[in-house]
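Raw structure-v6.cif, mmCIF, C-alpha atoms:
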data_upload
#
loop_
_atom_site.label_atom_id
_atom_site.label_comp_id
_atom_site.auth_asym_id
_atom_site.auth_seq_id
_atom_site.Cartn_x
_atom_site.Cartn_y
_atom_site.Cartn_z
CA MET D 1 0.00 0.00 0.00
CA ILE D 2 1.23 3.53 -0.71
CA THR D 3 2.37 5.70 2.20
CA CYS D 4 0.57 8.78 3.54
CA ASP D 5 3.17 11.04 1.88
CA GLU D 6 2.56 9.37 -1.46
CA ALA D 7 -1.20 9.56 -1.03
CA VAL D 8 -1.16 13.25 -0.01
CA ARG D 9 1.00 14.12 -3.01
CA GLN D 10 -1.69 12.72 -5.30
CA LEU D 11 -4.80 13.95 -3.51
CA TRP D 12 -5.42 17.01 -5.69
CA GLU D 13 -5.05 15.00 -8.84
CA TYR D 14 -7.38 12.47 -7.25
CA VAL D 15 -10.15 14.99 -6.48
CA GLU D 16 -9.79 16.44 -9.97
CA SER D 17 -9.91 12.98 -11.58
CA GLU D 18 -6.48 13.50 -13.15
CA LEU D 19 -5.05 10.17 -12.00
CA GLU D 20 -4.60 7.07 -14.12
CA ALA D 21 -6.80 4.12 -13.11
CA LEU D 22 -4.06 2.26 -11.23
CA GLU D 23 -2.91 5.36 -9.32
CA ARG D 24 -6.51 6.17 -8.48
CA GLN D 25 -7.06 2.66 -7.15
CA ARG D 26 -3.96 2.91 -4.96
CA VAL D 27 -5.11 6.22 -3.47
CA GLU D 28 -8.58 4.80 -2.82
CA GLU D 29 -7.10 1.75 -1.10
CA HIS D 30 -5.08 4.05 1.13
CA LEU D 31 -8.11 6.22 1.93
CA THR D 32 -10.15 3.22 3.07
CA LEU D 33 -7.57 2.58 5.78
CA CYS D 34 -6.28 6.04 6.71
CA ARG D 35 -8.59 8.47 8.51
CA ARG D 36 -6.01 11.26 8.51
CA CYS D 37 -5.67 11.15 4.72
CA CYS D 38 -9.47 11.16 4.36
CA GLY D 39 -9.42 14.47 6.25
CA GLU D 40 -6.66 15.72 3.96
CA MET D 41 -8.70 14.69 0.94
CA GLU D 42 -11.87 16.43 2.16
CA PHE D 43 -9.87 19.58 2.90
CA ALA D 44 -8.25 19.45 -0.55
CA GLU D 45 -11.77 19.43 -2.02
CA GLU D 46 -12.78 22.40 0.19
CA LEU D 47 -9.65 24.31 -0.77
CA ARG D 48 -10.18 23.54 -4.45
CA GLN D 49 -13.73 24.95 -4.33
CA PHE D 50 -12.48 27.93 -2.29
CA MET D 51 -9.94 28.81 -4.98
CA ALA D 52 -12.35 28.27 -7.86
CA SER D 53 -14.99 30.54 -6.29
CA GLN D 54 -12.76 33.51 -5.56
CA PHE D 55 -12.37 36.85 -7.22
CA THR D 56 -14.22 39.51 -8.97
CA VAL D 57 -11.79 41.95 -10.53
CA GLU D 58 -12.76 45.49 -11.42
CA LEU D 59 -10.71 47.55 -13.84
CA PRO D 60 -9.40 50.42 -11.66
CA PRO D 61 -10.30 53.88 -13.07
CA GLY D 62 -6.64 54.94 -13.30
CA THR D 63 -5.71 51.78 -15.16
CA ALA D 64 -8.71 52.11 -17.50
CA ALA D 65 -7.62 55.68 -18.29
CA ARG D 66 -4.09 54.50 -19.12
CA PHE D 67 -5.45 51.79 -21.44
CA ASP D 68 -7.70 54.37 -23.12
CA GLN D 69 -4.65 56.54 -23.74
CA LEU D 70 -2.69 53.57 -25.09
CA LEU D 71 -5.48 52.74 -27.55
CA GLU D 72 -5.56 56.35 -28.70
CA ASP D 73 -1.76 56.37 -29.09
CA LEU D 74 -1.80 53.14 -31.08
CA GLU D 75 -4.31 54.53 -33.56
CA THR D 76 -2.38 57.80 -33.79
CA GLU D 77 1.16 56.48 -33.91
CA GLY D 78 0.41 53.06 -35.39
CA ALA D 79 2.51 49.94 -35.11
CA SER D 80 5.64 51.91 -34.39
CA TRP D 81 4.45 52.28 -30.79
CA PRO D 82 7.27 50.91 -28.60
CA MET D 83 6.86 47.75 -26.57
CA THR D 84 7.45 47.92 -22.84
CA MET M 1 -21.71 35.37 -38.88
CA VAL M 2 -18.55 37.09 -40.05
CA VAL M 3 -18.47 40.81 -39.25
CA ASN M 4 -16.36 43.27 -41.18
CA LEU M 5 -13.74 44.29 -38.66
CA GLU M 6 -12.40 47.17 -40.71
CA ARG M 7 -15.59 49.07 -39.94
CA THR M 8 -15.66 48.01 -36.31
CA GLY M 9 -12.16 49.24 -35.52
CA PHE M 10 -9.47 48.01 -33.22
CA GLN M 11 -10.29 50.42 -30.41
CA GLN M 12 -13.88 49.30 -30.08
CA VAL M 13 -13.03 45.60 -30.17
CA ALA M 14 -10.19 46.01 -27.69
CA ARG M 15 -12.25 48.09 -25.26
CA GLU M 16 -14.86 45.34 -25.05
CA GLN M 17 -12.19 42.83 -24.01
CA LEU M 18 -10.39 45.01 -21.49
CA PRO M 19 -12.35 44.19 -18.29
CA TRP M 20 -11.89 40.45 -18.52
CA LEU M 21 -8.38 40.71 -20.01
CA TYR M 22 -7.31 42.80 -17.03
CA ALA M 23 -9.05 40.43 -14.59
CA LEU M 24 -7.24 37.42 -16.04
CA ALA M 25 -3.90 39.23 -16.06
CA ARG M 26 -4.43 40.39 -12.47
CA LYS M 27 -5.03 36.84 -11.29
CA LEU M 28 -2.01 35.53 -13.14
CA THR M 29 0.54 38.24 -12.55
CA GLY M 30 -0.69 40.45 -9.70
CA ASP M 31 0.89 43.88 -9.91
CA GLY M 32 2.28 43.05 -13.35
CA ALA M 33 -1.23 42.99 -14.86
CA GLU M 34 -1.11 46.46 -16.37
CA ASP M 35 2.18 45.77 -18.16
CA VAL M 36 0.95 42.42 -19.48
CA VAL M 37 -2.30 43.87 -20.82
CA GLN M 38 -0.41 46.77 -22.39
CA GLU M 39 1.94 44.32 -24.13
CA CYS M 40 -1.08 42.28 -25.24
CA LEU M 41 -2.83 45.35 -26.70
CA VAL M 42 0.24 46.39 -28.67
CA LYS M 43 0.70 42.89 -30.12
CA ALA M 44 -3.01 42.64 -30.88
CA TYR M 45 -2.95 45.98 -32.68
CA ARG M 46 0.01 44.92 -34.81
CA ASN M 47 -1.69 41.68 -35.78
CA PHE M 48 -5.27 42.93 -36.00
CA ASP M 49 -5.48 41.94 -39.65
CA ASP M 50 -5.30 38.30 -38.53
CA LEU M 51 -8.65 38.58 -36.74
CA ARG M 52 -11.34 37.84 -39.31
CA ASP M 53 -14.46 37.41 -37.16
CA ILE M 54 -15.41 39.66 -34.26
CA GLU M 55 -16.99 36.74 -32.45
CA ALA M 56 -13.55 35.14 -32.29
CA ALA M 57 -12.11 38.24 -30.61
CA PRO M 58 -12.24 36.96 -27.00
CA GLY M 59 -10.35 33.77 -27.86
CA TRP M 60 -7.92 35.68 -30.05
CA PHE M 61 -7.12 38.24 -27.34
CA ARG M 62 -6.90 35.49 -24.74
CA THR M 63 -4.31 33.62 -26.80
CA ILE M 64 -2.20 36.76 -27.16
CA LEU M 65 -2.43 37.51 -23.44
CA MET M 66 -1.53 33.94 -22.52
CA ASN M 67 1.48 34.08 -24.82
CA CYS M 68 2.65 37.26 -23.07
CA VAL M 69 2.17 35.58 -19.68
CA ARG M 70 3.91 32.41 -20.90
CA ASP M 71 6.96 34.39 -21.99
CA ARG M 72 7.14 36.02 -18.57
CA TYR M 73 6.61 32.66 -16.92
CA ARG M 74 9.45 31.08 -18.82
CA ARG M 75 11.77 33.87 -17.71
CA SER M 76 10.71 33.58 -14.07
CA ALA M 77 10.78 29.76 -14.10
CA SER M 78 14.23 29.41 -15.61
CA GLY M 79 16.27 27.12 -13.39
CA ILE M 80 13.14 25.72 -11.76
CA ASP M 81 14.15 22.14 -12.42
CA GLU M 82 17.48 22.52 -10.68
CA SER M 83 15.95 23.59 -7.39
CA PRO M 84 15.70 20.84 -4.77
CA LEU M 85 12.39 19.95 -3.18
CA ASP M 86 11.87 22.75 -0.72
CA GLU M 87 10.32 22.71 2.71
CA ASP M 88 6.91 23.56 1.21
CA SER M 89 6.70 20.28 -0.67
CA ASP M 90 5.31 18.32 2.26
CA TYR M 91 3.52 21.18 4.02
CA SER M 92 0.02 20.32 5.18
CA LEU M 93 -2.37 23.16 5.97
CA TYR M 94 -4.88 20.55 7.07
CA GLY M 95 -2.35 19.23 9.58
CA LYS M 96 -1.32 22.72 10.68
CA ILE M 97 -4.91 23.76 11.44
CA ALA M 98 -5.55 20.51 13.32
CA GLU M 99 -2.32 20.92 15.29
CA GLU M 100 -2.81 24.60 16.20
CA ASP M 101 -6.60 24.24 16.59
CA PRO M 102 -7.29 27.98 16.60
CA TRP M 103 -10.97 27.61 17.53
CA PRO M 104 -11.21 24.61 19.88
CA TYR M 105 -15.00 24.82 20.22
CA SER M 106 -15.63 24.55 16.49
CA ASP M 107 -16.50 21.23 14.84
CA THR M 108 -15.66 22.68 11.44
CA VAL M 109 -12.33 24.34 12.13
CA HIS M 110 -10.88 23.71 8.65
CA VAL M 111 -13.84 25.25 6.84
CA ASP M 112 -13.98 28.09 9.38
CA PHE M 113 -10.34 28.81 8.60
CA LEU M 114 -11.06 29.25 4.88
CA HIS M 115 -14.14 31.37 5.60
CA SER M 116 -12.05 33.77 7.70
CA PHE M 117 -10.46 35.08 4.47
CA SER M 118 -12.05 37.98 2.63
CA GLU M 119 -11.54 38.31 -1.12
CA GLU M 120 -8.98 41.02 -0.39
CA ASP M 121 -7.10 38.65 1.92
CA VAL M 122 -6.91 35.98 -0.78
CA TRP M 123 -5.52 38.53 -3.23
CA ALA M 124 -2.84 39.39 -0.69
CA VAL M 125 -1.96 35.70 -0.25
CA LEU M 126 -1.75 35.16 -4.01
CA ASP M 127 0.56 38.16 -4.25
CA ARG M 128 2.93 36.42 -1.84
CA LEU M 129 3.47 33.51 -4.25
CA SER M 130 6.37 33.42 -6.66
CA PRO M 131 5.24 33.70 -10.32
CA LYS M 132 6.64 30.29 -11.20
CA TYR M 133 4.07 28.69 -8.89
CA ARG M 134 1.31 31.28 -9.04
CA ILE M 135 0.69 31.06 -12.78
CA PRO M 136 0.12 27.28 -13.00
CA LEU M 137 -1.97 27.41 -9.83
CA VAL M 138 -4.27 30.15 -11.14
CA LEU M 139 -4.59 28.63 -14.61
CA VAL M 140 -5.62 25.22 -13.36
CA HIS M 141 -7.48 25.94 -10.13
CA MET M 142 -9.08 29.34 -10.85
CA GLU M 143 -9.38 29.40 -14.63
CA GLY M 144 -10.18 25.73 -15.10
CA MET M 145 -7.41 25.01 -17.61
CA SER M 146 -6.62 21.31 -17.97
CA VAL M 147 -3.18 20.03 -17.08
CA GLU M 148 -2.82 18.87 -20.69
CA ASP M 149 -3.52 22.37 -22.05
CA MET M 150 -1.11 23.93 -19.57
CA THR M 151 1.53 21.37 -20.53
CA ARG M 152 1.15 22.46 -24.15
CA MET M 153 1.15 26.15 -23.26
CA LEU M 154 4.29 25.96 -21.13
CA GLY M 155 6.03 23.41 -23.33
CA ALA M 156 6.97 21.23 -20.37
CA PRO M 157 6.48 17.51 -19.63
CA LYS M 158 3.29 16.62 -17.76
CA ASN M 159 5.15 15.33 -14.70
CA THR M 160 7.08 18.60 -14.48
CA VAL M 161 3.87 20.61 -14.67
CA LEU M 162 2.29 18.41 -11.99
CA SER M 163 5.33 19.02 -9.79
CA TRP M 164 5.00 22.81 -10.22
CA LEU M 165 1.31 22.58 -9.39
CA HIS M 166 2.02 20.54 -6.27
CA ARG M 167 4.60 23.02 -5.06
CA GLY M 168 2.31 25.93 -5.88
CA ARG M 169 -0.53 24.44 -3.88
CA LYS M 170 1.74 23.79 -0.93
CA GLN M 171 3.20 27.29 -1.07
CA PHE M 172 -0.37 28.64 -1.22
CA GLU M 173 -1.33 26.56 1.83
CA ARG M 174 1.67 27.81 3.81
CA GLU M 175 1.02 31.42 2.85
CA LEU M 176 -2.66 31.12 3.83
CA TRP M 177 -1.62 30.08 7.33
CA GLU M 178 1.13 32.66 7.69
CA TYR M 179 -1.12 35.43 6.37
CA ALA M 180 -3.84 34.45 8.85
CA VAL M 181 -1.33 34.60 11.70
CA ASP M 182 0.32 37.83 10.52
CA ASN M 183 -2.99 39.62 10.02
CA GLY M 184 -4.91 38.50 13.09
CA LEU M 185 -7.55 36.43 11.26
CA LEU M 186 -7.38 33.70 13.87
CA LYS M 187 -7.72 36.14 16.78
CA GLU M 188 -10.65 37.94 15.13
CA LYS M 189 -12.54 34.72 14.84
CA ALA M 190 -11.73 33.81 18.45
CA ARG M 191 -13.05 37.17 19.69
CA SER M 192 -16.33 36.75 17.83
CA GLN M 193 -17.10 33.38 19.41
#
Before we go any further, please render this structure as structure tokens.
Amino acid sequence: MITCDEAVRQLWEYVESELEALERQRVEEHLTLCRRCCGEMEFAEELRQFMASQFTVELPPGTAARFDQLLEDLETEGASWPMT
Amino acid sequence: MVVNLERTGFQQVAREQLPWLYALARKLTGDGAEDVVQECLVKAYRNFDDLRDIEAAPGWFRTILMNCVRDRYRRSASGIDESPLDEDSDYSLYGKIAEEDPWPYSDTVHVDFLHSFSEEDVWAVLDRLSPKYRIPLVLVHMEGMSVEDMTRMLGAPKNTVLSWLHRGRKQFERELWEYAVDNGLLKEKARSQ
């Protein structure tokens, strides 16, 4: 049976169904016998959902104004506008 | 339907993409977002003739932005394979929360820990990550990109990409804990109980 370290290393791939069948089976065998790793797995799922649900990003007014100016400059000066 | 882009104009098309382009760049590069979007707009302008259908504009701009981010990623990740496994590799936030048990009367201490973070706090934690780990983490876990697509984008073997992701997740876990300690999130929760 794989060790806890090996199981924990594969837990995210496990919850995202990224593991090959044999690797998945080995993780599942470990989880049936290891309560601690079950907790790790449930927390990995929580953390995954936490990350996926985060963030609304607004375009700050100052940044929007700079982009507006850039678009104006591009149309005025064309493709010769220097890259940063 | 194919729309004549000559009449639509670059400015109008680009302006429509800016909010989400900036949001994606902000997630991926933090304070570097403005520079990345600026680089993207200049490249898009120079290649605007390649865009034939306005409905393809979001995907077209996204590809250009991702190429800009990829180039930055490759610069920041140079030498990544030579680095030994660091102390973050086996870090367990689950174990840390259980060990420190910040709210002993809670039956859901791990979930409570995550809920103690505001959106602003999570931004601050992301900003603590090095770009070489932040970018794969955001692409896969916030933008829903598959590991296969990221492997193609970064031009690296799948196992290498998985290793970067693992390290990124572990660094994120460690930074969540340290940010919570540094910014009094654990104490605030304790006071409210």
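Counting only C-alpha atoms and comparing D:Leu22, D:Val57, D:Leu70, D:Val27, the residue that lies closest to Val8 (chain D) is D:Val27.
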Requested in this report: Starting from chain D, keep only residues with some atom at most 10 Å from an atom of chain M, counting all atoms listed in the file, and report them as a ChimeraX atom specification.
Outcome: /D:5,8-13,16,18,36-37,39-44,46-60,63-64,66-68,70-72,74-75,78-84
Report task. Grab the CA of Pro157 (chain M) to CA of Ala21 (chain D) distance for me, in Å with one decimal place. Result -> 20.0 Å
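In this structure, CA of Trp177 (chain M) sits 27.8 Å away from CA of Val69 (chain M).
The interatomic distance for the pair CA of Leu186 (chain M) and CA of Asp112 (chain M) works out to 9.8 Å.
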Put the listed atoms of region 32-47 of chain D in a box along x, y and z with 3 Å added on every side and give me the centre and edge lengths in Å to one decimal, as AutoDock Vina command-line options.
--center_x -9.2 --center_y 13.4 --center_z 3.2 --size_x 13.1 --size_y 27.7 --size_z 16.5
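The residue set within 12 Å of Pro131 (chain M), counting all atoms listed in the file and dropping same-chain residues fewer than 6 places from it, reads Arg26, Lys27, Leu28, Thr29, Gly30, Asp31, Gly32, Val69, Arg70, Asp71, Arg72, Tyr73, Arg74, Arg75, Ser76, Ala77, Ser78, Ile80, Leu137, Val138, Leu139, Trp164, Leu165, Arg167, Gly168, Gln171 and Phe172 of chain M.
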